[in-house]
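*Asks:* Enclosed is the structure file start21.cif (mmCIF, C-alpha atoms).
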```
data_start
loop_
_atom_site.label_atom_id
_atom_site.label_comp_id
_atom_site.auth_asym_id
_atom_site.auth_seq_id
_atom_site.Cartn_x
_atom_site.Cartn_y
_atom_site.Cartn_z
CA MET A 1 104.70 -65.80 57.05
CA LYS A 2 102.44 -68.80 57.66
CA ILE A 3 98.73 -68.28 57.01
CA LEU A 4 95.71 -70.41 58.00
CA VAL A 5 92.73 -70.18 55.64
CA VAL A 6 89.40 -71.22 57.21
CA ASP A 7 86.30 -71.71 55.05
CA ASP A 8 83.78 -74.54 54.81
CA PHE A 9 83.86 -74.47 50.99
CA SER A 10 86.96 -76.03 49.48
CA THR A 11 86.59 -73.94 46.32
CA MET A 12 86.76 -70.71 48.33
CA ARG A 13 89.81 -71.97 50.26
CA ARG A 14 91.42 -72.78 46.94
CA ILE A 15 90.66 -69.30 45.52
CA ILE A 16 92.05 -67.57 48.61
CA LYS A 17 95.16 -69.79 48.62
CA ASN A 18 95.79 -69.01 44.93
CA LEU A 19 95.36 -65.28 45.51
CA LEU A 20 97.68 -65.41 48.52
CA ARG A 21 100.29 -67.31 46.48
CA ASP A 22 100.04 -64.66 43.78
CA LEU A 23 100.77 -62.05 46.46
CA GLY A 24 103.84 -64.01 47.54
CA PHE A 25 102.39 -65.90 50.51
CA THR A 26 103.15 -69.51 49.68
CA ASN A 27 103.08 -71.00 53.18
CA THR A 28 99.39 -71.66 53.81
CA ALA A 29 97.26 -74.32 55.46
CA GLU A 30 93.51 -74.95 55.41
CA ALA A 31 90.74 -75.74 57.88
CA ASP A 32 87.02 -76.14 57.21
CA ASP A 33 85.61 -74.57 60.37
CA GLY A 34 86.54 -73.05 63.72
CA THR A 35 86.55 -76.36 65.55
CA THR A 36 89.36 -77.74 63.39
CA ALA A 37 91.10 -74.36 63.02
CA LEU A 38 91.50 -73.53 66.72
CA PRO A 39 93.71 -76.52 67.68
CA MET A 40 95.75 -75.97 64.50
CA LEU A 41 96.35 -72.37 65.58
CA GLN A 42 97.14 -73.37 69.17
CA ASN A 43 99.58 -76.11 68.18
CA GLY A 44 101.02 -74.50 65.07
CA ASP A 45 103.20 -71.55 64.23
CA PHE A 46 100.74 -69.47 62.23
CA ASP A 47 101.28 -65.74 61.83
CA PHE A 48 97.99 -64.83 60.22
CA LEU A 49 94.38 -66.03 60.09
CA VAL A 50 91.92 -65.61 57.21
CA THR A 51 88.44 -66.85 58.13
CA ASP A 52 84.90 -67.08 56.82
CA TRP A 53 82.00 -66.30 59.20
CA ASN A 54 79.19 -68.73 58.34
CA MET A 55 80.45 -72.29 58.88
CA PRO A 56 79.05 -75.42 60.47
CA GLY A 57 80.55 -76.29 63.84
CA MET A 58 82.37 -73.25 65.17
CA GLN A 59 81.60 -70.05 63.28
CA GLY A 60 84.23 -67.51 62.27
CA ILE A 61 83.11 -64.89 64.79
CA ASP A 62 83.47 -67.43 67.61
CA LEU A 63 86.87 -68.46 66.29
CA LEU A 64 87.90 -64.79 66.33
CA LYS A 65 86.72 -64.44 69.94
CA ALA A 66 88.52 -67.66 70.92
CA VAL A 67 91.73 -66.39 69.31
CA ARG A 68 91.50 -63.06 71.15
CA ALA A 69 90.81 -64.90 74.42
CA ASP A 70 93.86 -67.17 74.01
CA ALA A 71 96.98 -65.62 75.55
CA LYS A 72 99.27 -67.19 72.95
CA LEU A 73 97.15 -66.19 69.94
CA ALA A 74 95.61 -62.92 71.15
CA SER A 75 97.77 -60.64 69.00
CA MET A 76 97.43 -62.64 65.77
CA PRO A 77 96.04 -60.55 62.92
CA VAL A 78 92.67 -61.85 61.70
CA LEU A 79 91.10 -61.05 58.34
CA MET A 80 87.47 -61.97 57.86
CA VAL A 81 86.35 -62.89 54.33
CA THR A 82 82.61 -63.52 54.40
CA ALA A 83 79.26 -63.14 52.69
CA GLU A 84 77.79 -61.82 55.96
CA GLN A 85 77.12 -58.15 55.35
CA LYS A 86 74.76 -56.89 58.01
CA ARG A 87 75.96 -53.70 59.68
CA GLU A 88 75.44 -55.26 63.11
CA GLN A 89 77.70 -58.16 62.17
CA ILE A 90 80.48 -55.91 60.92
CA VAL A 91 80.28 -53.90 64.14
CA GLU A 92 80.31 -57.14 66.14
CA ALA A 93 83.43 -58.35 64.33
CA ALA A 94 85.12 -54.97 64.86
CA GLN A 95 84.31 -55.10 68.57
CA ALA A 96 85.63 -58.66 68.76
CA GLY A 97 88.93 -57.34 67.42
CA VAL A 98 88.99 -58.22 63.72
CA ASN A 99 91.83 -56.59 61.74
CA GLY A 100 90.09 -56.50 58.38
CA TYR A 101 86.68 -57.36 56.92
CA ILE A 102 86.11 -58.33 53.28
CA VAL A 103 82.64 -59.10 51.90
CA LYS A 104 82.20 -61.77 49.24
CA PRO A 105 82.28 -61.60 46.31
CA PHE A 106 85.62 -59.84 46.44
CA THR A 107 88.48 -59.03 44.08
CA ALA A 108 92.18 -59.89 44.20
CA GLN A 109 92.84 -56.15 44.52
CA THR A 110 90.65 -55.88 47.66
CA LEU A 111 92.49 -58.77 49.30
CA LYS A 112 95.84 -57.17 48.45
CA GLU A 113 94.78 -53.78 49.86
CA LYS A 114 93.41 -55.20 53.10
CA LEU A 115 96.49 -57.35 53.69
CA GLU A 116 98.78 -54.37 53.06
CA LYS A 117 96.74 -52.23 55.43
CA ILE A 118 96.94 -54.86 58.17
CA PHE A 119 100.71 -55.28 57.78
CA GLU A 120 101.22 -51.51 57.75
CA ARG A 121 99.61 -51.33 61.19
CA ILE A 122 101.60 -54.23 62.57
CA ASP A 123 104.98 -52.88 61.45
CA MET B 1 5.54 -61.91 60.97
CA LEU B 2 7.72 -63.93 63.27
CA GLU B 3 10.43 -66.38 62.26
CA THR B 4 9.85 -70.09 62.71
CA GLU B 5 13.55 -70.65 63.33
CA GLY B 6 16.06 -68.72 65.41
CA LEU B 7 15.46 -66.97 68.66
CA ILE B 8 12.35 -64.83 67.96
CA THR B 9 9.60 -67.39 67.37
CA GLU B 10 5.92 -67.53 68.41
CA ASP B 11 6.80 -70.21 70.96
CA ASN B 12 9.64 -68.23 72.49
CA LEU B 13 7.52 -65.06 72.60
CA ALA B 14 4.86 -67.00 74.47
CA ARG B 15 7.51 -68.28 76.90
CA VAL B 16 8.75 -64.75 77.58
CA LYS B 17 5.20 -63.59 78.20
CA ASP B 18 4.78 -66.53 80.59
CA LEU B 19 8.00 -65.53 82.34
CA LEU B 20 6.75 -61.95 82.77
CA ALA B 21 3.37 -63.17 84.04
CA THR B 22 4.87 -65.62 86.57
CA MET B 23 7.31 -62.96 87.82
CA GLU B 24 4.60 -60.33 88.20
CA ALA B 25 2.52 -62.90 90.05
CA GLY B 26 5.45 -63.54 92.40
CA ASP B 27 5.52 -67.18 91.31
CA GLU B 28 9.19 -67.98 92.00
CA ALA B 29 9.04 -71.65 91.01
CA GLY B 30 7.03 -70.96 87.85
CA ALA B 31 9.45 -68.21 86.71
CA LYS B 32 12.41 -70.53 87.29
CA GLU B 33 10.80 -73.25 85.23
CA VAL B 34 10.23 -70.93 82.23
CA LEU B 35 13.78 -69.53 82.51
CA ASP B 36 15.25 -73.06 82.51
CA GLU B 37 13.20 -73.89 79.46
CA LEU B 38 14.53 -70.81 77.62
CA ALA B 39 18.13 -71.56 78.64
CA HIS B 40 17.75 -75.11 77.37
CA ILE B 41 16.53 -73.89 73.99
CA ARG B 42 19.50 -71.50 73.75
CA GLU B 43 21.97 -74.26 74.65
CA SER B 44 20.61 -76.62 72.03
CA ASP B 45 21.04 -73.83 69.44
CA ILE B 46 24.71 -73.56 70.40
CA TYR B 47 25.16 -77.33 70.19
CA GLN B 48 23.56 -77.35 66.78
CA GLU B 49 25.85 -74.56 65.61
CA MET B 50 28.89 -76.38 66.99
CA GLY B 51 27.80 -79.58 65.30
CA LYS B 52 27.51 -77.74 62.01
CA LEU B 53 30.99 -76.21 62.41
CA THR B 54 32.47 -79.59 63.30
CA ARG B 55 30.96 -81.15 60.22
CA GLU B 56 32.30 -78.33 58.04
CA LEU B 57 35.75 -78.64 59.51
CA HIS B 58 35.67 -82.39 59.08
CA ASP B 59 34.67 -82.02 55.42
CA ALA B 60 37.36 -79.43 54.87
CA ILE B 61 40.04 -81.63 56.40
CA LYS B 62 38.80 -84.56 54.34
CA THR B 63 38.93 -82.53 51.14
CA PHE B 64 42.41 -81.34 52.00
CA GLY B 65 43.65 -84.78 52.97
CA MET B 66 42.17 -86.42 49.93
CA ASP B 67 44.03 -84.09 47.62
CA ASP B 68 46.59 -86.68 46.58
CA GLN B 69 48.73 -83.98 45.02
CA ILE B 70 49.78 -82.92 48.51
CA ALA B 71 50.73 -86.46 49.40
CA THR B 72 52.78 -86.73 46.23
CA ILE B 73 54.52 -83.46 46.97
CA ALA B 74 55.35 -84.47 50.54
CA GLU B 75 56.40 -88.05 49.78
CA HIS B 76 58.16 -87.73 46.46
CA GLU B 77 58.63 -84.25 45.08
CA ILE B 78 60.22 -82.58 48.10
CA PRO B 79 62.83 -85.34 48.69
CA ASP B 80 63.35 -85.31 44.91
CA ALA B 81 63.90 -81.52 44.94
CA ARG B 82 66.35 -81.90 47.79
CA ALA B 83 68.38 -84.42 45.80
CA ARG B 84 68.27 -82.16 42.74
CA LEU B 85 69.52 -79.15 44.71
CA LYS B 86 72.34 -81.25 46.14
CA HIS B 87 73.23 -82.14 42.58
CA VAL B 88 73.37 -78.39 41.80
CA ILE B 89 75.90 -77.93 44.61
CA GLU B 90 77.97 -80.83 43.25
CA MET B 91 77.87 -79.47 39.71
CA THR B 92 78.92 -75.96 40.71
CA ASP B 93 81.66 -77.41 42.92
CA LYS B 94 82.94 -79.56 40.05
CA ALA B 95 82.86 -76.63 37.62
CA ALA B 96 84.74 -74.39 40.06
CA ASN B 97 87.41 -77.04 40.63
CA ARG B 98 87.71 -77.85 36.93
CA THR B 99 88.20 -74.13 36.20
CA MET B 100 90.78 -73.76 38.96
CA ASP B 101 92.61 -76.90 37.75
CA ALA B 102 92.91 -75.35 34.31
CA VAL B 103 94.05 -72.00 35.74
CA GLU B 104 96.59 -73.63 38.05
CA GLU B 105 98.00 -75.61 35.10
CA SER B 106 98.25 -72.49 32.95
CA LEU B 107 99.80 -70.10 35.47
CA PRO B 108 103.25 -71.78 35.67
CA ILE B 109 103.26 -72.14 31.85
CA CYS B 110 102.66 -68.39 31.53
CA GLU B 111 105.33 -67.66 34.13
CA GLY B 112 107.79 -69.81 32.13
CA MET B 113 106.93 -67.96 28.92
CA VAL B 114 107.47 -64.60 30.64
CA SER B 115 110.83 -65.57 32.06
CA ARG B 116 112.10 -67.12 28.77
CA SER B 117 110.93 -64.08 26.79
CA SER B 118 112.63 -61.74 29.16
CA ASP B 119 115.95 -63.69 29.01
CA LEU B 120 115.80 -63.81 25.25
CA HIS B 121 114.93 -60.12 25.07
CA ASP B 122 118.09 -59.26 27.01
CA SER B 123 120.27 -61.27 24.62
CA TRP B 124 118.42 -59.85 21.61
CA LYS B 125 119.09 -56.28 22.79
CA ARG B 126 122.80 -57.03 23.08
CA PHE B 127 122.77 -58.50 19.57
CA ARG B 128 121.03 -55.38 18.20
CA GLN B 129 123.63 -53.21 19.92
CA ARG B 130 126.27 -55.36 18.24
CA ASP B 131 127.58 -56.29 21.66
CA MET B 132 127.84 -60.01 20.90
CA ASP B 133 130.52 -62.25 19.43
CA VAL B 134 129.92 -65.10 17.01
CA ASN B 135 129.93 -67.81 19.65
CA GLU B 136 127.42 -66.00 21.77
CA PHE B 137 125.31 -65.46 18.67
CA ARG B 138 125.31 -69.20 17.98
CA VAL B 139 123.98 -69.77 21.51
CA LEU B 140 121.36 -67.08 20.95
CA ALA B 141 120.24 -68.67 17.68
CA GLN B 142 119.85 -71.99 19.45
CA GLN B 143 117.97 -70.31 22.33
CA LEU B 144 115.67 -68.72 19.80
CA ASP B 145 114.94 -72.07 18.19
CA THR B 146 114.12 -73.66 21.54
CA PHE B 147 112.05 -70.61 22.54
CA LEU B 148 109.89 -70.75 19.42
CA GLU B 149 109.41 -74.47 19.77
CA GLU B 150 108.50 -74.29 23.47
CA ASN B 151 106.25 -71.31 22.94
CA THR B 152 104.24 -73.11 20.30
CA SER B 153 103.82 -76.12 22.56
CA ASP B 154 103.06 -74.00 25.69
CA ALA B 155 100.56 -71.78 23.88
CA GLY B 156 98.81 -74.96 22.75
CA LYS B 157 98.60 -76.13 26.38
CA VAL B 158 97.20 -72.77 27.51
CA ARG B 159 94.69 -72.85 24.68
CA ALA B 160 93.54 -76.32 25.78
CA SER B 161 93.18 -75.08 29.37
CA LEU B 162 91.18 -72.05 28.25
CA ASN B 163 88.88 -74.34 26.29
CA ASP B 164 88.46 -76.41 29.43
CA VAL B 165 87.54 -73.27 31.39
CA LEU B 166 84.98 -72.46 28.73
CA MET B 167 83.49 -75.96 28.80
CA ALA B 168 83.35 -75.95 32.61
CA GLN B 169 80.72 -73.18 32.37
CA ASP B 170 78.12 -75.61 31.00
CA PHE B 171 76.91 -76.08 34.58
CA GLN B 172 75.08 -72.74 34.38
CA ASP B 173 72.53 -73.99 31.86
CA LEU B 174 72.01 -77.32 33.63
CA THR B 175 71.77 -75.96 37.17
CA SER B 176 69.36 -73.23 36.00
CA GLN B 177 67.02 -75.86 34.61
CA ILE B 178 67.08 -77.80 37.88
CA ILE B 179 66.58 -74.67 39.98
CA LYS B 180 63.66 -73.54 37.77
CA ARG B 181 62.00 -76.90 38.37
CA VAL B 182 62.43 -76.54 42.14
CA ILE B 183 61.02 -72.99 41.99
CA SER B 184 57.90 -74.35 40.30
CA LEU B 185 57.56 -76.94 43.10
CA VAL B 186 57.88 -74.17 45.70
CA GLU B 187 55.06 -72.34 43.89
CA GLN B 188 52.84 -75.44 44.08
CA VAL B 189 53.54 -75.83 47.80
CA GLU B 190 52.77 -72.13 48.26
CA ASP B 191 49.36 -72.59 46.56
CA LYS B 192 48.54 -75.54 48.82
CA LEU B 193 49.59 -73.65 51.93
CA ILE B 194 47.42 -70.69 50.97
CA GLY B 195 44.53 -73.15 50.53
CA LEU B 196 45.19 -74.56 53.98
CA VAL B 197 45.34 -71.10 55.54
CA SER B 198 42.04 -70.09 53.94
CA LEU B 199 40.43 -73.32 55.22
CA THR B 200 41.37 -72.53 58.78
CA GLY B 201 39.45 -69.27 58.48
CA GLU B 202 40.13 -65.82 59.76
CA GLN B 203 42.52 -66.87 62.47
CA PHE B 204 45.35 -66.68 59.97
CA ALA B 205 43.75 -64.16 57.67
CA LYS B 206 46.09 -61.37 58.69
CA PRO B 207 49.70 -62.33 58.30
CA SER B 208 51.73 -61.19 61.25
CA GLU B 209 54.65 -58.83 60.65
CA ARG B 210 57.52 -60.66 59.02
CA LYS B 211 59.83 -61.74 61.77
CA HIS B 212 63.20 -60.08 61.63
CA GLU B 213 66.20 -62.30 61.95
CA ASP B 214 68.51 -61.89 64.83
CA GLY B 215 71.04 -59.32 63.72
CA LEU B 216 74.04 -61.47 64.52
CA GLU B 217 72.94 -64.79 63.17
CA ALA B 218 74.89 -65.84 60.11
CA THR B 219 72.54 -65.91 57.13
CA GLY B 220 74.82 -66.15 54.11
CA PRO B 221 74.90 -63.78 51.15
CA ALA B 222 72.41 -60.92 50.95
CA VAL B 223 70.09 -61.09 47.92
CA PRO B 224 69.40 -57.81 46.09
CA GLY B 225 65.85 -56.63 46.73
CA LEU B 226 65.18 -59.16 49.48
CA ASP B 227 67.45 -58.09 52.29
CA ASP B 228 66.81 -54.88 54.10
CA ALA B 229 68.68 -51.70 54.78
CA ALA B 230 70.62 -53.25 57.67
CA VAL B 231 72.88 -54.78 55.04
CA VAL B 232 75.85 -53.04 53.43
CA SER B 233 75.90 -52.99 49.65
CA GLY B 234 79.56 -53.74 49.14
CA GLN B 235 83.17 -53.41 50.23
CA ASP B 236 83.10 -49.59 50.10
CA GLU B 237 80.31 -49.46 52.67
CA VAL B 238 82.13 -51.96 54.87
CA ASP B 239 85.22 -49.74 54.72
CA ASP B 240 83.16 -46.63 55.53
CA LEU B 241 81.49 -48.35 58.45
CA LEU B 242 84.79 -49.63 59.83
CA SER B 243 86.49 -46.26 59.44
CA SER B 244 83.58 -44.64 61.29
CA LEU B 245 84.41 -47.08 64.11
CA GLY B 246 88.01 -45.87 64.11
CA PHE B 247 89.55 -48.53 61.88
#
```
Any chance you could put this one into structure tokens?
*Replies:*
Amino acid sequence: MKILVVDDFSTMRRIIKNLLRDLGFTNTAEADDGTTALPMLQNGDFDFLVTDWNMPGMQGIDLLKAVRADAKLASMPVLMVTAEQKREQIVEAAQAGVNGYIVKPFTAQTLKEKLEKIFERID
Amino acid sequence: MLETEGLITEDNLARVKDLLATMEAGDEAGAKEVLDELAHIRESDIYQEMGKLTRELHDAIKTFGMDDQIATIAEHEIPDARARLKHVIEMTDKAANRTMDAVEESLPICEGMVSRSSDLHDSWKRFRQRDMDVNEFRVLAQQLDTFLEENTSDAGKVRASLNDVLMAQDFQDLTSQIIKRVISLVEQVEDKLIGLVSLTGEQFAKPSERKHEDGLEATGPAVPGLDDAAVVSGQDEVDDLLSSLGF
């Protein structure tokens, strides 16, 4: 399972990567916004995307839409981990086809639960 | 008693009487002349009033512009505050990375301790059950020696890392001091802006309704007490909202 972690703050990428490693996901890569993430997804062999919303360049919601619009990537599970917590935004992400939505600050337990829930649905 | 200034003066009253007399007499040209005279007087009043307002505005702008505190704020203190806030970002970033460095160094040490303890525990159980020959016991004794030695050294490393985590928190005190200073600058700017608004008069007297942000624009973390009811309060509400959407 290869996971791409997208966040503009390196500290948050590092936290998420550490938590993922603790959950047994050691194969991860990083990108700092949607613009760099999208070509990595298109040219790589990623199985899973974890992305922030508020980033310079291409925002997470636009990355999600681009992934869903790309025939090769359309079925990739996407987990959003973001400080954006307006109801309208959560609804927007759901409509755009997000598989999970975590608001920051979050706990290791929340990340574990959401990942398990996503994988349950895929299996 | 009639006023000597303003509209109702002896002179103006006389003019109006003239106007009435000329009109009653059917004197078209005479009436027009008096009317023109009255209109001219009214116009010059307006010009005078406008002149007065212009002077007041000019004085006000001069007073405002001459307040060198504003110039200092604009030229020095705001760029200075910007640099200070950037420094806050750098300090918090450094502290977060220093903490994570220490944690990432400690985690494999702890994992090693767990795995060595568990190996040793297995051998120890066999020894207690007398399921061990002398040669095996010699190996166990040696393992125990190594274990104790390594544990002492590893625990020391973890202790050093924990101290480092502790020390990395010193950013909180320093960044708070910087942020407090910037808050006081924001208060000064607020005072000046209120002064400016009151100078421009009633036009801005009533603040318009606070503009609501576009619901979908990314705005970063919600701040308790500042952001409205359109915001969820935590993960549980996100989960409830998503499950109401069929997730």
*Asks:* Take the PyMOL selection byres ((chain A and resi 73) around 10), apply it to the structure above, and return the hits as a PyMOL selection string.
*Replies:* chain A and resi 38+41-42+45-48+66-72+74-77
*Asks:* Run the PyMOL selection byres ((chain B) within 9 of (chain A)) on the file and write out the hits as a list in words.
*Replies:*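 Evaluating the PyMOL selection byres ((chain B) within 9 of (chain A)) on these coordinates yields Asp93, Ala96, Asn97, Met100, Glu104, Gly215, Leu216, Glu217, Ala218, Thr219, Gly220, Pro221, Ala222, Ala229, Ala230, Val231, Val232, Ser233, Gly234, Gln235, Val238, Asp239, Leu241, Leu242, Leu245 and Phe247 of chain B.
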*Asks:* Any chance you could work out the residue set of the PyMOL selection byres ((chain B and resi 110) around 12) here, as a list in words?
*Replies:*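 Evaluating the PyMOL selection byres ((chain B and resi 110) around 12) on these coordinates yields Val103, Glu104, Glu105, Ser106, Leu107, Pro108, Ile109, Glu111, Gly112, Met113, Val114, Ser115, Arg116, Ser117, Glu150, Asn151, Ser153, Asp154, Ala155, Gly156, Lys157, Val158, Arg159 and Ser161 of chain B.
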*Asks:* Using only C-alpha atoms, which of the listed residues (A:Val81, A:Pro39, A:Asp62, A:Arg21) sits closest to Val6 in chain A?
*Replies:* A:Val81
*Asks:* Can you pull out every residue within 12 Å of range 137-144 of chain B, counting all atoms listed in the file, but drop anything in the same chain fewer than 4 positions away, and send it as a list in words?
*Replies:* Arg116, Ser117, Asp119, Leu120, His121, Asp122, Ser123, Trp124, Lys125, Arg126, Phe127, Arg128, Arg130, Asp131, Met132, Asp133, Leu148, Glu149, Glu150 and Asn151 of chain B
*Asks:* Pick out the residues sitting within 6 Å of Met58 in chain A, and hand them over as a tab-separated table (two decimals) with C-alpha atoms, in the coordinates of the input; count only C-alpha atoms, and ignore anything fewer than 6 positions along from it in its own chain.
*Replies:*
```
chain	number	residue	atom	x	y	z
A	33	ASP	CA	85.61	-74.57	60.37
A	34	GLY	CA	86.54	-73.05	63.72
A	35	THR	CA	86.55	-76.36	65.55
```
*Asks:* Using CA of Asn163 in chain B and CA of Ala102 in chain B as the two end points, give the distance in Å to one decimal.
*Replies:* 9.0 Å
*Asks:* I'd like the interatomic distance between CA of Val50 in chain A and CA of Pro224 in chain B, to a tenth of an Å.
*Replies:*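 CA of Pro224 in chain B lies at a distance of 26.3 Å from CA of Val50 in chain A.
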*Asks:* In Å, how far is it from CA of His87 in chain B to CA of Leu185 in chain B?
*Replies:*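 Separation between CA of His87 in chain B and CA of Leu185 in chain B: 16.5 Å.
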